[in-house]
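Asks: Got a structure for you, written out below as structure tokens; questions coming shortly.
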Number of protein chains: 2
Amino acid sequence: MLTQYYTASSLDGFIAAEPEDGLAWLLSRDIDSQGPQSFDEFIGEVGAIVMGASTYAWIQTHHPDEWYYEVPAWVMTHRTFAPHPTADIRFTSAPVPEVHAAMVEAAAGKNVWLAGGGDLVGQFHDHGLLDEVWIQYAPVTLGAGAPLLPRRIEFEQIALDQNRDFACRRLRVKR
Amino acid sequence: MLTQYYTASSLDGFIAAEPEDGLAWLLSRDIDSQGPQSFDEFIGEVGAIVMGASTYAWIQTHHPDEWYYEVPAWVMTHRTFAPHPTADIRFTSAPVPEVHAAMVEAAAGKNVWLAGGGDLVGQFHDHGLLDEVWIQYAPVTLGAGAPLLPRRIEFEQIALDQNRDFACRRLRVKR
């Protein structure tokens, strides 16, 4: 069981452009969904998902009728969201270690995916609960936006792969 | 003749940590100086160098007796620096296109290296004077520091290479 951060990023370390720009910088790229470090490969091993309130709110705004994940999800938030009509989502403001423990139990041996944003991932790392990051770098600089991972963390590389437009790097947190 | 930005970066797009941290995050890494996208390979094709005042001041503070470059260098600055005892350095506050033209002439067919920082490179790009970036990503996030390239720019990849600790990506500005 690993706790993993899987995310796309610009070359300069932004996972989302300024809000009005949406994800055009990312979704215009080419990737092989069966290729190395693809999302399909990754998500098949995931048993539980967590994201921050801003990430969830973005999905709600831009893709209100879609939820791609079949495994249990947690949204760490102090805001109030309407219950999701179909997905298994728990809204919580519990401490990170408590949420993580519940996720590990639900994942039943599979991995825990920290879907972002960067500060949420940083909070898991603050508690020693981040094992790996998988970053797919698109060939663009954004100059501003939401930060990849606002912490100082040392890594060891597991793999570097080209997947069409993306340079994909999988790294392990050094302990 | 190409105008190129060659730089190391953290995973999250910082080329320098907070000032008090220095470059320990970078200089502790392993790289093969004869390996792919190495500095030795790069610098051999460079005929002129330019950097911003902060980059130059950093070198002056941390390596006052060292200057590694044999080709003419420009420092774009409004500050006053003492003349360098040995190196061929021109301090200038002239407009970017004028400095670039002088560099191209001095480089005599070789490339122009934009040594940084990121905003200086952005200013060259603002004038359509950036052809390529070469980024060597160290396996560390910093969370804060000097930005890689604070502009929105589209690229096409030329090469992706592993060089020991570094994932090295060479990209061409899309036109």
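Naming works like this for the structure tokens: A, B, ... for the chains as they're shown, residue 1 at the start of each chain, ligands 1 onward in shown order.
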Return as a ChimeraX atom specification the residues belonging to chain A that are within 8 Å of chain B, counting only C-alpha atoms.

Replies: /A:11-14,139-144,147-157,160,162,165,167,171

Asks: Need the shell around B:Thr3: protein/DNA/RNA residues with any atom at most 10 Å away, counting only C-alpha atoms. Skip same-chain ones fewer than 2 positions apart. Format as a PDB file with C-alpha atoms, in the first residue's frame?

Replies:
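The resulting out-v9.pdb:
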ATOM      1  CA  MET B   1      22.676  30.514 -33.994  1.00  0.00           C
ATOM      2  CA  TYR B   5      18.119  29.213 -21.652  1.00  0.00           C
ATOM      3  CA  TYR B   6      20.064  26.472 -19.880  1.00  0.00           C
ATOM      4  CA  VAL B  46      28.018  29.101 -26.660  1.00  0.00           C
ATOM      5  CA  ALA B  48      28.068  34.919 -25.623  1.00  0.00           C
ATOM      6  CA  ILE B  49      26.412  34.961 -22.194  1.00  0.00           C
ATOM      7  CA  HIS B 100      20.874  40.655 -28.059  1.00  0.00           C
ATOM      8  CA  MET B 103      25.679  39.334 -28.363  1.00  0.00           C
ATOM      9  CA  VAL B 104      24.842  37.701 -31.666  1.00  0.00           C
ATOM     10  CA  LYS B 110      27.771  30.331 -31.956  1.00  0.00           C
ATOM     11  CA  ASN B 111      24.819  30.359 -29.563  1.00  0.00           C
ATOM     12  CA  VAL B 112      23.681  32.944 -27.035  1.00  0.00           C
ATOM     13  CA  TRP B 113      23.169  31.666 -23.497  1.00  0.00           C
ATOM     14  CA  LEU B 114      20.586  33.317 -21.277  1.00  0.00           C
ATOM     15  CA  VAL B 121      14.680  35.074 -19.984  1.00  0.00           C
ATOM     16  CA  PHE B 124      14.018  38.055 -24.149  1.00  0.00           C
ATOM     17  CA  HIS B 125      10.958  35.960 -24.973  1.00  0.00           C
ATOM     18  CA  LEU B 129      14.301  36.312 -28.863  1.00  0.00           C
ATOM     19  CA  LEU B 130      14.119  32.946 -27.088  1.00  0.00           C
ATOM     20  CA  ASP B 131      14.610  29.787 -29.177  1.00  0.00           C
ATOM     21  CA  GLU B 132      15.180  26.956 -26.693  1.00  0.00           C
ATOM     22  CA  VAL B 133      15.182  26.007 -23.040  1.00  0.00           C
TER      23      VAL B 133
END

Asks: Suppose you want the space between atom CA of A:Trp67 and atom CA of A:Gln123; what is it in Å?

Replies: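 According to the coordinates, atom CA of A:Trp67 and atom CA of A:Gln123 are separated by 24.6 Å.
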
Asks: Mind pulling up the distance from atom CA of A:Ala24 to atom CA of A:Gln37?

Replies: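 Value for the atom CA of A:Gln37-atom CA of A:Ala24 distance: 21.1 Å.
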
Asks: Write down as an NGL selection string the residues of chain A whose backbone DSSP state falls under helix (DSSP H, G or I).

Replies: :A and (19-21 or 24-27 or 39-43 or 53-62 or 96-107 or 118-126)

Asks: Which residues, written as a list of chain:residue names, have at least one atom at most 8 Å from A:Phe91, with only C-alpha atoms counted and residues fewer than 4 positions away on the same chain left out?

Replies: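 Near A:Phe91, the qualifying residues are A:Trp74, A:Val75, A:Met76, A:Thr77, A:Phe81.
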
Asks: One decimal, in Å: what's the spacing between atom CA of A:Glu18 and atom CA of A:Thr61?

Replies: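 That distance, rounded to one decimal, is 14.9 Å.
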
Asks: Among chain A, which ones does DSSP assign to strand (DSSP E) (computed from the backbone)? Answer as a PyMOL selection string.

Replies: chain A and resi 3-9+14-16+46-52+73-76+89-92+111-114+132-137+140-141+146-147+153-163+166-173
